[in-house]
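Accompanying notes for the structure given below.
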Amino acid sequence: MKFLTKNIRQLLGSGHPTLDTVAKYYTQSEGKYVRPMLVLLMSRATSQTPKLDRGLAPSAVDCSLTNPAVLADENPSAPQNPTPTLTSINHDTAYSAQDSDILPSQRRLAEITELIHTASLLHDDVIDHSQARRSAPSANIEFGNKMAVLAGDFLLGRASVALARLRDPEVTELLATVIANLVEGEFMQLQNTARDEKNPAWTEDTVSYYLQKTYLKSASLISKSCRAAAILGNSTPEVVEAAYLYGKNLGLAFQLVDDMLDYTISGEELGKPAGADLELGLATAPLLFAWKDNRSLGKLVGRKFSGDGDVQRAREIVAESTGLEQTRALAQEYVDKAIQAISGFPESDAKNGLMEMCTKVMKRRK
Ligand code: FPP
Ligand code: MG
Ligand code: MG
């Protein structure tokens, strides 16, 4: 984790000074770094499990970013701020932790997951008209929508280069799918229910639609990067599947808690506006559970809480319901499944760390 931000900033170097600034903007503030932390812990926790010969010799895993072919089309006429950064990563020294049980490719994967996550935040803040992120003005406010969107695209480009350099087609496919999943989840979220109706009825599908959206938007990155960490470590299919199930269940719990905090925590403590979901027209788990018992919410859901007093009314109904308790209980169920998934891993500090992440997700307040 010590090298993470520095390496990410190196991956994001651009010869264009403004792009350089915007692209690195969210690396200045302290993120939670949940995704890279999980990748590193999973890499360690699976390092002592049985190994496969996947026919990819370690020498085929090129983690450097020194391929001249990729640098060839970069603008050589930017003397003020050239793009020195792609050539300057020295993994031999940067990753020289002695006897490390984390492979360089797994460390690079951790950085790639944070890049994809940050790209999605840059775009998300434009879509959500966000004012603040990580206790500072969001990038769209600081630099405008156009630069924020383009910077997000740039991050995805650099993440893709780094991914290609891992020379592992299965891992490339997984992380490319994550990017598509993030967009699919965001599209599902544009509607609160599977069918766009004025006065939708509550059905069991209401919750399954929300959970599928939640998987795509939040759990896909966590689950597929845990899977990718195990694959890079040449783990067996059973271990790879266990890593995926851990990430999937933890990711679902993570987003359920996020949706709960939007109702329960002040904006100051969150470092971003609280109560934003209803204002954005979003019906998340606490409201969906409240809706099951109070069908008058259907109309408000249908018009995305856009009527006079809708947001306040919805908040009151959620507060009087068991929606928040049910959301927490469901998050706990997923956390229990995540713990179960890795219970067969050999005992290690990293396995304990993965378990601790589960407790932290349930206790977190930001
Ligand atoms: C935060 O959710 C946003 C996400 C988890 C994913 C957003 C995905 C996109 C915008 C699709 C484009 C993806 C890429 C990779 C460019 P939130 O708005 O509920 O959380 P917040 O309160 O932190 O803003
Ligand atoms: Mg948002
Ligand atoms: Mg959003």
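We name chains A, B, ... following the order of the structure tokens; residues begin at 1 in each chain, and ligands are numbered from 1 as shown.
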Environment of ligand 1 within 6 Å, counting only C-alpha atoms and all ligand atoms, reported as a list in words |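 Those within range of ligand 1 are Ile116, Ala119, Ser120, Leu121, His123, Asp124, Gly152, Ile179, Leu182, Val183, Glu186, Lys217 and Ser218 of chain A.
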Those residues you just picked out, can you put them in a file as a CSV table (one decimal), in the first residue's frame with N, CA and C atoms?
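Saved to again-v3.csv:
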```csv
chain,number,residue,atom,x,y,z
A,116,ILE,N,-9.4,2.1,-12.3
A,116,ILE,CA,-10.8,1.9,-12.8
A,116,ILE,C,-11.8,2.5,-11.9
A,119,ALA,N,-11.7,6.3,-12.2
A,119,ALA,CA,-12.3,6.7,-13.5
A,119,ALA,C,-13.8,6.7,-13.3
A,120,SER,N,-14.3,5.7,-12.7
A,120,SER,CA,-15.8,5.7,-12.5
A,120,SER,C,-16.3,6.8,-11.6
A,121,LEU,N,-15.5,7.2,-10.6
A,121,LEU,CA,-15.9,8.3,-9.7
A,121,LEU,C,-15.9,9.6,-10.5
A,123,HIS,N,-16.5,10.0,-13.6
A,123,HIS,CA,-17.8,10.1,-14.4
A,123,HIS,C,-19.0,10.2,-13.6
A,124,ASP,N,-19.0,9.4,-12.5
A,124,ASP,CA,-20.1,9.4,-11.6
A,124,ASP,C,-20.4,10.8,-11.0
A,152,GLY,N,-11.5,10.9,-16.8
A,152,GLY,CA,-11.9,9.6,-16.5
A,152,GLY,C,-11.6,8.6,-17.7
A,179,ILE,N,-15.4,-3.0,-16.5
A,179,ILE,CA,-15.7,-1.6,-17.1
A,179,ILE,C,-17.1,-1.6,-17.7
A,182,LEU,N,-19.7,-1.8,-15.0
A,182,LEU,CA,-20.0,-0.5,-14.3
A,182,LEU,C,-21.0,0.3,-15.1
A,183,VAL,N,-20.8,0.3,-16.4
A,183,VAL,CA,-21.7,1.1,-17.2
A,183,VAL,C,-23.1,0.5,-17.2
A,186,GLU,N,-24.8,1.3,-14.0
A,186,GLU,CA,-25.2,2.8,-13.9
A,186,GLU,C,-26.5,3.0,-14.8
A,217,LYS,N,-22.7,-2.5,-10.4
A,217,LYS,CA,-22.2,-1.1,-10.1
A,217,LYS,C,-21.0,-1.2,-9.1
A,218,SER,N,-21.2,-2.1,-8.1
A,218,SER,CA,-20.2,-2.1,-7.0
A,218,SER,C,-19.5,-3.4,-6.8
```
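Neighbours of region 286-295 of chain A closer than or equal to 8 Å, with only C-alpha atoms counted and sequence neighbours fewer than 2 positions away skipped, come out as A:Ala201, A:Trp202, A:Thr206, A:Val207, A:Asp259, A:Met260, A:Ala283, A:Thr284, A:Leu297, A:Gly298, A:Ala314, A:Ile317, A:Val318, A:Ser321, A:Thr322, A:Gly323, A:Leu324, A:Gln326, A:Thr327.
Among the candidates A:Val126, A:Val239, A:Ile265, A:Val257, the residue lying nearest to ligand 2 is A:Val126 (atoms considered: only C-alpha atoms and all ligand atoms).
Separating CA of Tyr263 (chain A) from CA of Gln332 (chain A) is a distance of 17.8 Å.
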Distance criterion (only C-alpha atoms and all ligand atoms): nearest to ligand 3 out of A:Ala110, A:Ala276, A:Ala148, A:Ala45 = A:Ala276
List all protein, DNA and RNA residues that have any atom at most 7 Å from ligand 2, counting only C-alpha atoms and all ligand atoms, and write the list as a VMD selection string.
-> chain A and resid 124 to 125 128 130
